[in-house]
$ cat run_14.pdb   # PDB, C-alpha atoms
ATOM      1  CA  MET A   1      57.971  20.105  29.181
ATOM      2  CA  ASN A   2      55.663  17.116  28.676
ATOM      3  CA  ARG A   3      53.565  18.240  31.659
ATOM      4  CA  ILE A   4      53.253  21.780  30.241
ATOM      5  CA  PHE A   5      52.248  20.382  26.848
ATOM      6  CA  LYS A   6      49.507  18.269  28.458
ATOM      7  CA  TYR A   7      48.313  21.303  30.395
ATOM      8  CA  VAL A   8      48.088  23.400  27.210
ATOM      9  CA  ILE A   9      46.188  20.629  25.418
ATOM     10  CA  ALA A  10      43.766  20.354  28.336
ATOM     11  CA  VAL A  11      43.128  24.107  28.304
ATOM     12  CA  VAL A  12      42.563  24.106  24.529
ATOM     13  CA  LEU A  13      40.132  21.182  24.772
ATOM     14  CA  LEU A  14      38.256  22.835  27.624
ATOM     15  CA  PHE A  15      38.016  26.079  25.653
ATOM     16  CA  ALA A  16      36.753  24.191  22.580
ATOM     17  CA  LEU A  17      34.184  22.420  24.743
ATOM     18  CA  LEU A  18      32.954  25.699  26.183
ATOM     19  CA  ILE A  19      32.686  27.187  22.695
ATOM     20  CA  GLY A  20      30.748  24.132  21.566
ATOM     21  CA  VAL A  21      28.345  24.384  24.490
ATOM     22  CA  PHE A  22      27.878  28.096  23.805
ATOM     23  CA  LEU A  23      27.091  27.443  20.130
ATOM     24  CA  VAL A  24      24.613  24.692  20.984
ATOM     25  CA  LEU A  25      22.835  26.808  23.591
ATOM     26  CA  SER A  26      22.810  29.850  21.287
ATOM     27  CA  TYR A  27      21.649  28.051  18.155
ATOM     28  CA  ALA A  28      18.686  29.987  16.778
ATOM     29  CA  PRO A  29      17.772  29.081  13.191
ATOM     30  CA  ASP A  30      15.348  31.127  11.132
ATOM     31  CA  LYS A  31      11.669  30.710  11.926
ATOM     32  CA  SER A  32       8.799  30.831   9.457
ATOM     33  CA  VAL A  33       6.230  33.604   9.450
ATOM     34  CA  SER A  34       3.463  31.087  10.089
ATOM     35  CA  GLU A  35       5.230  29.854  13.210
ATOM     36  CA  LEU A  36       5.875  33.340  14.591
ATOM     37  CA  ALA A  37       2.438  34.667  13.638
ATOM     38  CA  GLN A  38       0.771  32.378  16.147
ATOM     39  CA  ARG A  39       2.109  34.598  18.923
ATOM     40  CA  TRP A  40       2.921  37.909  17.270
ATOM     41  CA  ALA A  41       0.159  38.394  14.676
ATOM     42  CA  GLN A  42      -2.978  37.915  16.701
ATOM     43  CA  PRO A  43      -5.978  40.173  15.869
ATOM     44  CA  PRO A  44      -6.095  42.966  14.857
ATOM     45  CA  SER A  45      -3.036  42.017  12.772
ATOM     46  CA  GLN A  46      -3.453  41.602   9.046
ATOM     47  CA  PHE A  47      -1.117  41.061   6.107
ATOM     48  CA  ILE A  48      -1.455  43.216   3.013
ATOM     49  CA  SER A  49       0.377  42.811  -0.281
ATOM     50  CA  ILE A  50       2.720  45.715  -1.043
ATOM     51  CA  ALA A  51       5.620  45.720  -3.522
ATOM     52  CA  GLY A  52       6.026  41.957  -3.453
ATOM     53  CA  MET A  53       5.840  41.695   0.337
ATOM     54  CA  GLN A  54       3.195  40.520   2.756
ATOM     55  CA  VAL A  55       3.338  43.474   5.120
ATOM     56  CA  HIS A  56       2.302  42.946   8.728
ATOM     57  CA  VAL A  57      -0.124  45.766   9.596
ATOM     58  CA  ARG A  58      -2.389  46.819  12.438
ATOM     59  CA  ASP A  59      -5.055  49.403  11.602
ATOM     60  CA  GLU A  60      -7.150  50.434  14.613
ATOM     61  CA  GLY A  61      -9.547  53.143  15.691
ATOM     62  CA  PRO A  62     -12.348  55.045  13.900
ATOM     63  CA  ARG A  63     -12.137  54.799  10.102
ATOM     64  CA  ASN A  64     -13.649  58.259   9.648
ATOM     65  CA  ASP A  65     -10.623  59.952  11.212
ATOM     66  CA  PRO A  66      -9.515  62.462   8.528
ATOM     67  CA  GLU A  67      -5.864  62.440   9.641
ATOM     68  CA  PRO A  68      -4.778  58.999  10.856
ATOM     69  CA  ILE A  69      -1.671  58.618  13.001
ATOM     70  CA  VAL A  70       0.981  56.451  11.334
ATOM     71  CA  LEU A  71       3.612  54.968  13.664
ATOM     72  CA  ILE A  72       6.983  53.816  12.265
ATOM     73  CA  HIS A  73       9.336  51.707  14.385
ATOM     74  CA  GLY A  74      13.143  51.645  14.400
ATOM     75  CA  THR A  75      15.947  49.206  13.606
ATOM     76  CA  GLY A  76      15.515  45.701  14.996
ATOM     77  CA  ASP A  77      12.032  46.550  16.191
ATOM     78  CA  SER A  78       8.440  45.860  15.172
ATOM     79  CA  LEU A  79       4.975  47.410  15.282
ATOM     80  CA  HIS A  80       4.599  46.060  18.843
ATOM     81  CA  THR A  81       6.873  48.793  20.179
ATOM     82  CA  TRP A  82       3.884  51.169  19.929
ATOM     83  CA  ASP A  83       1.453  49.026  21.978
ATOM     84  CA  GLY A  84       1.273  51.497  24.861
ATOM     85  CA  TRP A  85       0.560  54.462  22.611
ATOM     86  CA  VAL A  86      -2.053  52.620  20.571
ATOM     87  CA  ASP A  87      -3.951  51.479  23.673
ATOM     88  CA  ASP A  88      -4.322  55.144  24.618
ATOM     89  CA  LEU A  89      -5.013  56.589  21.158
ATOM     90  CA  LYS A  90      -7.275  54.122  19.368
ATOM     91  CA  SER A  91     -10.512  55.133  21.081
ATOM     92  CA  GLN A  92     -10.377  58.559  19.402
ATOM     93  CA  HIS A  93      -7.917  58.250  16.512
ATOM     94  CA  ARG A  94      -7.275  55.906  13.640
ATOM     95  CA  VAL A  95      -3.818  54.505  14.363
ATOM     96  CA  ILE A  96      -1.801  52.557  11.797
ATOM     97  CA  ARG A  97       1.441  50.705  12.383
ATOM     98  CA  PHE A  98       3.351  48.059  10.475
ATOM     99  CA  ASP A  99       6.576  46.078  10.360
ATOM    100  CA  LEU A 100       9.073  47.752   8.048
ATOM    101  CA  PRO A 101      10.904  45.779   5.348
ATOM    102  CA  ALA A 102      13.818  43.871   6.977
ATOM    103  CA  PHE A 103      12.024  43.640  10.312
ATOM    104  CA  GLY A 104       9.234  41.948  12.229
ATOM    105  CA  LEU A 105       6.943  39.642  10.305
ATOM    106  CA  THR A 106       7.224  41.650   7.070
ATOM    107  CA  GLY A 107      10.799  40.500   6.533
ATOM    108  CA  PRO A 108      13.201  41.198   3.662
ATOM    109  CA  GLU A 109      12.507  43.537   0.767
ATOM    110  CA  PRO A 110      12.433  41.360  -2.407
ATOM    111  CA  ASN A 111      15.127  43.379  -4.184
ATOM    112  CA  ASP A 112      17.255  43.979  -1.070
ATOM    113  CA  ASN A 113      16.669  47.724  -1.398
ATOM    114  CA  TYR A 114      17.010  49.507   1.956
ATOM    115  CA  THR A 115      17.901  53.041   0.908
ATOM    116  CA  ILE A 116      16.150  55.835   2.743
ATOM    117  CA  GLU A 117      14.460  56.928  -0.496
ATOM    118  CA  HIS A 118      13.040  53.436  -0.986
ATOM    119  CA  TYR A 119      11.776  53.333   2.588
ATOM    120  CA  ALA A 120       9.962  56.626   1.932
ATOM    121  CA  GLU A 121       8.380  55.092  -1.173
ATOM    122  CA  PHE A 122       7.288  52.149   0.959
ATOM    123  CA  ILE A 123       5.488  54.477   3.386
ATOM    124  CA  VAL A 124       3.637  56.121   0.504
ATOM    125  CA  ALA A 125       2.689  52.676  -0.845
ATOM    126  CA  VAL A 126       1.277  51.629   2.533
ATOM    127  CA  LEU A 127      -0.776  54.818   2.743
ATOM    128  CA  ALA A 128      -2.093  54.239  -0.786
ATOM    129  CA  ALA A 129      -3.027  50.631  -0.005
ATOM    130  CA  LEU A 130      -5.013  51.830   3.020
ATOM    131  CA  LYS A 131      -6.557  54.698   1.001
ATOM    132  CA  ILE A 132      -5.037  57.392   3.209
ATOM    133  CA  GLU A 133      -4.407  60.756   1.560
ATOM    134  CA  LYS A 134      -2.714  62.537   4.475
ATOM    135  CA  SER A 135      -1.528  61.520   7.921
ATOM    136  CA  VAL A 136       0.308  62.479  11.081
ATOM    137  CA  LEU A 137       3.631  60.719  10.609
ATOM    138  CA  VAL A 138       5.469  59.487  13.718
ATOM    139  CA  GLY A 139       8.801  57.662  13.787
ATOM    140  CA  ASN A 140      11.371  56.413  16.278
ATOM    141  CA  SER A 141      15.084  56.050  15.462
ATOM    142  CA  LEU A 142      15.282  54.681  11.884
ATOM    143  CA  GLY A 143      11.513  55.179  11.755
ATOM    144  CA  GLY A 144      12.070  58.839  12.574
ATOM    145  CA  TYR A 145      14.533  59.117   9.700
ATOM    146  CA  ILE A 146      11.990  57.490   7.395
ATOM    147  CA  ALA A 147       9.240  59.799   8.685
ATOM    148  CA  TRP A 148      11.127  63.036   8.056
ATOM    149  CA  ALA A 149      12.551  61.767   4.740
ATOM    150  CA  THR A 150       8.994  60.962   3.613
ATOM    151  CA  THR A 151       7.960  64.476   4.655
ATOM    152  CA  VAL A 152      10.783  65.960   2.569
ATOM    153  CA  LEU A 153      10.218  63.753  -0.478
ATOM    154  CA  HIS A 154       6.397  63.548  -0.351
ATOM    155  CA  PRO A 155       5.277  66.662   1.566
ATOM    156  CA  ASN A 156       1.678  66.421   0.360
ATOM    157  CA  LYS A 157       1.235  63.198   2.364
ATOM    158  CA  VAL A 158       2.024  64.622   5.805
ATOM    159  CA  THR A 159       0.033  67.053   7.958
ATOM    160  CA  LYS A 160       2.145  66.834  11.118
ATOM    161  CA  LEU A 161       5.469  65.179  11.941
ATOM    162  CA  VAL A 162       6.658  63.615  15.200
ATOM    163  CA  LEU A 163      10.291  62.550  15.659
ATOM    164  CA  VAL A 164      11.092  60.252  18.579
ATOM    165  CA  ASP A 165      14.872  59.951  19.061
ATOM    166  CA  ALA A 166      15.170  60.034  15.274
ATOM    167  CA  SER A 167      18.232  59.254  13.182
ATOM    168  CA  GLY A 168      19.400  60.855   9.943
ATOM    169  CA  TYR A 169      22.420  62.912  10.981
ATOM    170  CA  PRO A 170      25.898  61.364  10.631
ATOM    171  CA  TYR A 171      27.139  60.732  14.160
ATOM    172  CA  ALA A 172      29.189  58.575  16.497
ATOM    173  CA  ALA A 173      27.079  57.015  19.230
ATOM    174  CA  LYS A 174      28.177  57.118  22.873
ATOM    175  CA  SER A 175      27.178  53.471  23.188
ATOM    176  CA  VAL A 176      26.065  51.020  20.475
ATOM    177  CA  PRO A 177      24.097  47.850  21.337
ATOM    178  CA  LEU A 178      26.265  44.758  20.884
ATOM    179  CA  ALA A 179      23.723  43.229  18.487
ATOM    180  CA  PHE A 180      24.155  46.221  16.151
ATOM    181  CA  LYS A 181      27.955  45.951  16.336
ATOM    182  CA  LEU A 182      27.900  42.288  15.354
ATOM    183  CA  ALA A 183      25.475  42.906  12.482
ATOM    184  CA  ARG A 184      27.940  45.436  11.066
ATOM    185  CA  THR A 185      31.010  43.168  11.340
ATOM    186  CA  PRO A 186      31.526  41.267   8.024
ATOM    187  CA  ILE A 187      33.217  38.080   9.325
ATOM    188  CA  ILE A 188      31.212  37.709  12.522
ATOM    189  CA  LYS A 189      27.837  38.321  10.909
ATOM    190  CA  ASP A 190      28.402  35.354   8.566
ATOM    191  CA  LEU A 191      29.632  33.067  11.329
ATOM    192  CA  ILE A 192      26.660  33.746  13.593
ATOM    193  CA  LYS A 193      23.852  33.763  11.023
ATOM    194  CA  ASN A 194      22.176  30.896  12.907
ATOM    195  CA  ILE A 195      23.558  31.852  16.302
ATOM    196  CA  LEU A 196      21.686  34.363  18.440
ATOM    197  CA  PRO A 197      22.219  34.294  22.196
ATOM    198  CA  ARG A 198      19.137  35.529  24.006
ATOM    199  CA  SER A 199      21.506  37.341  26.353
ATOM    200  CA  LEU A 200      22.705  39.420  23.377
ATOM    201  CA  ILE A 201      19.186  40.708  22.801
ATOM    202  CA  GLU A 202      18.728  41.394  26.494
ATOM    203  CA  SER A 203      21.976  43.352  26.838
ATOM    204  CA  SER A 204      21.202  45.352  23.687
ATOM    205  CA  LEU A 205      17.784  46.330  25.021
ATOM    206  CA  LYS A 206      19.222  47.339  28.375
ATOM    207  CA  ASN A 207      21.732  49.467  26.496
ATOM    208  CA  VAL A 208      18.975  51.584  24.916
ATOM    209  CA  TYR A 209      16.675  51.883  27.944
ATOM    210  CA  GLY A 210      17.142  54.729  30.393
ATOM    211  CA  ASN A 211      16.214  52.313  33.187
ATOM    212  CA  PRO A 212      17.509  48.814  32.294
ATOM    213  CA  GLU A 213      15.392  47.289  35.075
ATOM    214  CA  LEU A 214      12.312  47.873  32.890
ATOM    215  CA  VAL A 215      13.548  45.309  30.348
ATOM    216  CA  THR A 216      11.330  42.297  31.060
ATOM    217  CA  ASP A 217      11.588  38.679  29.933
ATOM    218  CA  GLN A 218       8.487  39.160  27.793
ATOM    219  CA  LEU A 219      10.085  42.159  26.067
ATOM    220  CA  VAL A 220      13.265  40.193  25.355
ATOM    221  CA  ASP A 221      11.163  37.300  24.017
ATOM    222  CA  ARG A 222       9.502  39.596  21.489
ATOM    223  CA  TYR A 223      12.701  41.120  20.152
ATOM    224  CA  PHE A 224      14.423  37.714  20.103
ATOM    225  CA  ASP A 225      11.601  35.901  18.306
ATOM    226  CA  LEU A 226      11.112  38.523  15.610
ATOM    227  CA  ALA A 227      14.865  38.772  14.966
ATOM    228  CA  THR A 228      14.740  35.104  13.921
ATOM    229  CA  ARG A 229      12.066  35.660  11.270
ATOM    230  CA  GLU A 230      13.447  34.055   8.123
ATOM    231  CA  GLY A 231      15.716  36.476   6.299
ATOM    232  CA  ASN A 232      15.716  39.238   8.913
ATOM    233  CA  ARG A 233      19.294  38.812  10.110
ATOM    234  CA  ARG A 234      20.699  38.998   6.592
ATOM    235  CA  ALA A 235      18.426  41.952   5.782
ATOM    236  CA  LEU A 236      19.647  43.792   8.879
ATOM    237  CA  THR A 237      23.242  43.716   7.663
ATOM    238  CA  LEU A 238      22.132  45.121   4.304
ATOM    239  CA  ARG A 239      20.068  47.794   6.047
ATOM    240  CA  PHE A 240      23.132  49.007   7.922
ATOM    241  CA  LYS A 241      25.080  49.257   4.641
ATOM    242  CA  GLN A 242      22.392  50.997   2.599
ATOM    243  CA  THR A 243      20.400  53.323   4.856
ATOM    244  CA  ILE A 244      23.089  55.967   5.012
ATOM    245  CA  ALA A 245      22.765  58.982   7.288
ATOM    246  CA  GLY A 246      23.290  62.438   5.853
ATOM    247  CA  PRO A 247      22.174  62.703   2.208
ATOM    248  CA  LEU A 248      18.893  64.525   2.944
ATOM    249  CA  ILE A 249      20.028  66.591   5.922
ATOM    250  CA  ASN A 250      20.399  69.743   3.833
ATOM    251  CA  ARG A 251      16.673  69.487   3.010
ATOM    252  CA  LEU A 252      15.383  69.497   6.598
ATOM    253  CA  GLY A 253      14.705  73.208   6.188
ATOM    254  CA  GLU A 254      12.062  72.341   3.576
ATOM    255  CA  ILE A 255       9.830  70.806   6.251
ATOM    256  CA  SER A 256       7.035  73.266   6.933
ATOM    257  CA  VAL A 257       4.469  71.099   8.752
ATOM    258  CA  PRO A 258       4.185  71.402  12.553
ATOM    259  CA  THR A 259       6.795  69.101  14.069
ATOM    260  CA  LEU A 260       7.130  67.643  17.564
ATOM    261  CA  ILE A 261      10.506  66.276  18.682
ATOM    262  CA  LEU A 262      10.438  63.868  21.627
ATOM    263  CA  TRP A 263      13.744  62.691  23.095
ATOM    264  CA  GLY A 264      15.053  60.628  25.994
ATOM    265  CA  GLU A 265      17.893  62.486  27.695
ATOM    266  CA  LYS A 266      19.540  59.153  28.561
ATOM    267  CA  ASP A 267      19.721  58.128  24.906
ATOM    268  CA  ASN A 268      23.315  56.952  24.391
ATOM    269  CA  LEU A 269      22.677  55.678  20.869
ATOM    270  CA  ILE A 270      21.526  59.015  19.403
ATOM    271  CA  PRO A 271      22.471  61.640  21.996
ATOM    272  CA  LEU A 272      20.383  64.675  22.906
ATOM    273  CA  ILE A 273      22.534  67.018  20.825
ATOM    274  CA  PHE A 274      20.777  65.676  17.731
ATOM    275  CA  ALA A 275      17.365  66.526  19.132
ATOM    276  CA  LYS A 276      18.607  70.098  19.323
ATOM    277  CA  LYS A 277      19.895  69.893  15.749
ATOM    278  CA  PHE A 278      16.474  68.805  14.488
ATOM    279  CA  ASN A 279      14.866  71.560  16.529
ATOM    280  CA  ASN A 280      17.220  74.104  14.981
ATOM    281  CA  ASP A 281      16.928  72.846  11.395
ATOM    282  CA  ILE A 282      13.133  72.428  11.296
ATOM    283  CA  ALA A 283      11.604  75.874  11.665
ATOM    284  CA  SER A 284       8.145  74.816  12.834
ATOM    285  CA  SER A 285       9.336  72.404  15.524
ATOM    286  CA  LYS A 286       8.957  72.008  19.272
ATOM    287  CA  LEU A 287      11.324  69.945  21.446
ATOM    288  CA  VAL A 288      10.240  67.997  24.538
ATOM    289  CA  THR A 289      12.767  65.887  26.459
ATOM    290  CA  PHE A 290      12.406  63.225  29.155
ATOM    291  CA  LYS A 291      15.108  63.227  31.803
ATOM    292  CA  GLU A 292      15.017  59.550  32.799
ATOM    293  CA  LEU A 293      14.250  57.902  29.456
ATOM    294  CA  GLY A 294      16.519  56.388  26.794
ATOM    295  CA  HIS A 295      16.350  55.665  23.068
ATOM    296  CA  LEU A 296      12.845  54.124  23.167
ATOM    297  CA  PRO A 297      10.937  56.644  25.309
ATOM    298  CA  HIS A 298       7.561  55.713  23.778
ATOM    299  CA  GLU A 299       8.088  52.094  24.856
ATOM    300  CA  GLU A 300       9.796  52.788  28.172
ATOM    301  CA  ASP A 301       7.144  55.255  29.402
ATOM    302  CA  PRO A 302       4.195  55.296  26.983
ATOM    303  CA  ASP A 303       1.957  57.321  29.308
ATOM    304  CA  ALA A 304       4.257  60.328  29.669
ATOM    305  CA  THR A 305       5.266  60.386  26.009
ATOM    306  CA  VAL A 306       1.838  59.862  24.445
ATOM    307  CA  ARG A 307       0.527  62.686  26.609
ATOM    308  CA  GLU A 308       2.811  65.090  24.747
ATOM    309  CA  LEU A 309       1.678  63.652  21.401
ATOM    310  CA  LYS A 310      -1.989  64.149  22.273
ATOM    311  CA  VAL A 311      -1.426  67.779  23.201
ATOM    312  CA  PHE A 312       0.441  68.311  19.929
ATOM    313  CA  ILE A 313      -2.136  66.751  17.599
ATOM    314  CA  SER A 314      -4.996  68.595  19.329
ATOM    315  CA  GLN A 315      -3.500  71.990  18.496
TER     316      GLN A 315
END

$ encode --input "run_14.pdb" --output "structure tokens"
Amino acid sequence: MNRIFKYVIAVVLLFALLIGVFLVLSYAPDKSVSELAQRWAQPPSQFISIAGMQVHVRDEGPRNDPEPIVLIHGTGDSLHTWDGWVDDLKSQHRVIRFDLPAFGLTGPEPNDNYTIEHYAEFIVAVLAALKIEKSVLVGNSLGGYIAWATTVLHPNKVTKLVLVDASGYPYAAKSVPLAFKLARTPIIKDLIKNILPRSLIESSLKNVYGNPELVTDQLVDRYFDLATREGNRRALTLRFKQTIAGPLINRLGEISVPTLILWGEKDNLIPLIFAKKFNNDIASSKLVTFKELGHLPHEEDPDATVRELKVFISQ
């Protein structure tokens, strides 16, 4: 019995040691904007004051473009997700992108308001600050939800709409990135507020890519760094609670602007069936799918996806 007791104690101590090593190696405290900006806010980045926030913005291309293209990223992402598209578009189009409240270098909304209606108001405020009357609104995932909600609530601000694996319908995902699961779990999210294993970010990215081999170390670095922006992890948990899917779905039929729906067929977070729902519910829409791409088709294969956008906006 004494030998068994010693064995159990040894196992417990070893387990505690392993947990301790894991916590030390995974310790990732919040980082300041000034620290992160050195790498992630190089020119042409700028910060503009909107609704009590210093919003991280990139505004590129010819200023005389009458209908700028506005790109809105998704949950856990940043304006950098559109790099490939912007490199292709900016020679001929004014292209605007920014970090949404709760994400990137913009960080938390001062009043912790992350409802879809408030996000739509934020988009309108950004457009006003940049003196843009109308734009082509493009959004991926949460950004897609924000884009079509803005079109419903402020139709005079949008000339064309592009939804890239957009959210907004209530649904159960085939596969949810582990990082999202943890952010939604009340006890765990508090315990790990300063713990963020880089491997968690990597596995979550591979989960949403059609081809996980395309997830590079540099890509993981970007998502990891910007997740540690002060306040972002807490804001993410609030975002999941407040940005509820469903309340505006019955108004999709009000969208009358030309709409392009781009979707990765290997999207396990928001499956292809929802692309077809958008296509059915928005009368003036066209659906284009990509067989080998996942939830971030614009990032995974910017060349193939931006080609469809360029055809659409030229019509």

$ atom_distance --input "run_14.pdb" --atom1 "CA of Phe278 (chain A)" --atom2 "CA of Ile261 (chain A)"
7.7 Å

$ residues_near_point --input "run_14.pdb" --point "(2.4, 48.8, 10.5)" --cutoff "10 Å" --atoms "only C-alpha atoms" --output "PDB file with C-alpha atoms, in the frame of the given file"
ATOM      1  CA  SER A  45      -3.036  42.017  12.772  1.00  0.00           C
ATOM      2  CA  GLN A  46      -3.453  41.602   9.046  1.00  0.00           C
ATOM      3  CA  PHE A  47      -1.117  41.061   6.107  1.00  0.00           C
ATOM      4  CA  VAL A  55       3.338  43.474   5.120  1.00  0.00           C
ATOM      5  CA  HIS A  56       2.302  42.946   8.728  1.00  0.00           C
ATOM      6  CA  VAL A  57      -0.124  45.766   9.596  1.00  0.00           C
ATOM      7  CA  ARG A  58      -2.389  46.819  12.438  1.00  0.00           C
ATOM      8  CA  ASP A  59      -5.055  49.403  11.602  1.00  0.00           C
ATOM      9  CA  VAL A  70       0.981  56.451  11.334  1.00  0.00           C
ATOM     10  CA  LEU A  71       3.612  54.968  13.664  1.00  0.00           C
ATOM     11  CA  ILE A  72       6.983  53.816  12.265  1.00  0.00           C
ATOM     12  CA  HIS A  73       9.336  51.707  14.385  1.00  0.00           C
ATOM     13  CA  SER A  78       8.440  45.860  15.172  1.00  0.00           C
ATOM     14  CA  LEU A  79       4.975  47.410  15.282  1.00  0.00           C
ATOM     15  CA  HIS A  80       4.599  46.060  18.843  1.00  0.00           C
ATOM     16  CA  TRP A  82       3.884  51.169  19.929  1.00  0.00           C
ATOM     17  CA  VAL A  95      -3.818  54.505  14.363  1.00  0.00           C
ATOM     18  CA  ILE A  96      -1.801  52.557  11.797  1.00  0.00           C
ATOM     19  CA  ARG A  97       1.441  50.705  12.383  1.00  0.00           C
ATOM     20  CA  PHE A  98       3.351  48.059  10.475  1.00  0.00           C
ATOM     21  CA  ASP A  99       6.576  46.078  10.360  1.00  0.00           C
ATOM     22  CA  LEU A 100       9.073  47.752   8.048  1.00  0.00           C
ATOM     23  CA  GLY A 104       9.234  41.948  12.229  1.00  0.00           C
ATOM     24  CA  THR A 106       7.224  41.650   7.070  1.00  0.00           C
ATOM     25  CA  ILE A 123       5.488  54.477   3.386  1.00  0.00           C
ATOM     26  CA  VAL A 126       1.277  51.629   2.533  1.00  0.00           C
TER      27      VAL A 126
END

$ residues_around --input "run_14.pdb" --residues "Gly294 (chain A)" --least-positions-apart "5" --cutoff "7 Å" --atoms "only C-alpha atoms" --output "PyMOL selection string"
chain A and resi 208-210+264-267

$ resolve_selection --input "run_14.pdb" --expression "the PyMOL selection byres ((chain A and resi 215-226) around 7)" --output "list in words"
Asp77, Gly104, Leu105, Arg198, Ile201, Glu202, Leu205, Lys206, Pro212, Glu213, Leu214, Ala227, Thr228 and Arg229 of chain A

$ atom_distance --input "run_14.pdb" --atom1 "CA of Thr259 (chain A)" --atom2 "CA of Ile313 (chain A)"
9.9 Å

$ closest_residue --input "run_14.pdb" --among "A:Tyr119, A:Phe274, A:Trp263, A:Phe312" --to "Phe290 (chain A)" --atoms "all atoms listed in the file"
A:Trp263

$ atom_distance --input "run_14.pdb" --atom1 "CA of Phe240 (chain A)" --atom2 "CA of Leu200 (chain A)"
18.2 Å

$ residues_around --input "run_14.pdb" --residues "Asp83 (chain A)" --least-positions-apart "4" --cutoff "9 Å" --atoms "all atoms listed in the file" --output "NGL selection string"
:A and (79 or 87-88 or 299 or 302)

$ closest_atom_pairs --input "run_14.pdb" --of "region 207-249 of chain A" --to "region 140-146 of chain A" --cutoff "12 Å" --atoms "only C-alpha atoms" --output "JSON lines"
{"residue": "A:Val208", "atom": "CA", "partner": "A:Ser141", "partner_atom": "CA", "distance": 11.2}
{"residue": "A:Arg239", "atom": "CA", "partner": "A:Leu142", "partner_atom": "CA", "distance": 10.2}
{"residue": "A:Phe240", "atom": "CA", "partner": "A:Leu142", "partner_atom": "CA", "distance": 10.5}
{"residue": "A:Thr243", "atom": "CA", "partner": "A:Leu142", "partner_atom": "CA", "distance": 8.8}
{"residue": "A:Ile244", "atom": "CA", "partner": "A:Tyr145", "partner_atom": "CA", "distance": 10.3}
{"residue": "A:Ala245", "atom": "CA", "partner": "A:Tyr145", "partner_atom": "CA", "distance": 8.6}
{"residue": "A:Gly246", "atom": "CA", "partner": "A:Tyr145", "partner_atom": "CA", "distance": 10.1}
{"residue": "A:Pro247", "atom": "CA", "partner": "A:Tyr145", "partner_atom": "CA", "distance": 11.3}
{"residue": "A:Leu248", "atom": "CA", "partner": "A:Tyr145", "partner_atom": "CA", "distance": 9.7}
{"residue": "A:Ile249", "atom": "CA", "partner": "A:Tyr145", "partner_atom": "CA", "distance": 10.0}

$ resolve_selection --input "run_14.pdb" --expression "the PyMOL selection byres ((chain A and resi 64) around 12)" --output "VMD selection string"
chain A and resid 60 to 63 65 to 68 92 to 95 131 to 132

$ closest_residue --input "run_14.pdb" --among "A:Ala235, A:Leu296, A:Val33, A:Ile282" --to "Asn113 (chain A)" --atoms "all atoms listed in the file"
A:Ala235

$ closest_residue --input "run_14.pdb" --among "A:Leu260, A:Ile116, A:Ile50, A:Ala283" --to "Lys160 (chain A)" --atoms "only C-alpha atoms"
A:Leu260

$ closest_residue --input "run_14.pdb" --among "A:Leu161, A:Val152, A:Ala125, A:Ala147" --to "Ser285 (chain A)" --atoms "all atoms listed in the file"
A:Leu161

$ residues_around --input "run_14.pdb" --residues "Leu262 (chain A)" --least-positions-apart "3" --cutoff "9 Å" --atoms "all atoms listed in the file" --output "VMD selection string"
chain A and resid 162 to 166 275 286 to 290 297 to 298 305 308 to 309

$ resolve_selection --input "run_14.pdb" --expression "the PyMOL selection byres ((chain A and resi 231) around 10)" --output "PyMOL selection string"
chain A and resi 30-32+102-103+106-109+193+227-230+232-236

$ closest_residue --input "run_14.pdb" --among "A:Leu89, A:Ser49, A:Ala37, A:Thr81" --to "Phe122 (chain A)" --atoms "only C-alpha atoms"
A:Ser49

$ closest_residue --input "run_14.pdb" --among "A:Pro170, A:Ile69, A:Leu238, A:Thr115" --to "Val158 (chain A)" --atoms "all atoms listed in the file"
A:Ile69

$ build_atoms --input "run_14.pdb" --residues "region 158-166 of chain A" --atoms "N, CA and C atoms" --output "CSV table (one decimal), in the frame of the given file"
chain,number,residue,atom,x,y,z
A,158,VAL,N,1.8,64.5,4.4
A,158,VAL,CA,2.0,64.6,5.8
A,158,VAL,C,1.4,65.9,6.3
A,159,THR,N,0.6,65.8,7.4
A,159,THR,CA,0.0,67.1,8.0
A,159,THR,C,0.8,67.5,9.2
A,160,LYS,N,1.3,66.5,10.0
A,160,LYS,CA,2.1,66.8,11.1
A,160,LYS,C,3.2,65.7,11.2
A,161,LEU,N,4.3,66.1,11.8
A,161,LEU,CA,5.5,65.2,11.9
A,161,LEU,C,5.9,65.1,13.4
A,162,VAL,N,6.2,63.8,13.8
A,162,VAL,CA,6.7,63.6,15.2
A,162,VAL,C,7.9,62.7,15.1
A,163,LEU,N,9.0,63.3,15.7
A,163,LEU,CA,10.3,62.6,15.7
A,163,LEU,C,10.6,62.1,17.1
A,164,VAL,N,10.8,60.8,17.3
A,164,VAL,CA,11.1,60.3,18.6
A,164,VAL,C,12.5,59.7,18.5
A,165,ASP,N,13.5,60.4,19.1
A,165,ASP,CA,14.9,60.0,19.1
A,165,ASP,C,15.2,59.5,17.6
A,166,ALA,N,15.0,60.4,16.7
A,166,ALA,CA,15.2,60.0,15.3
A,166,ALA,C,16.6,60.0,14.8
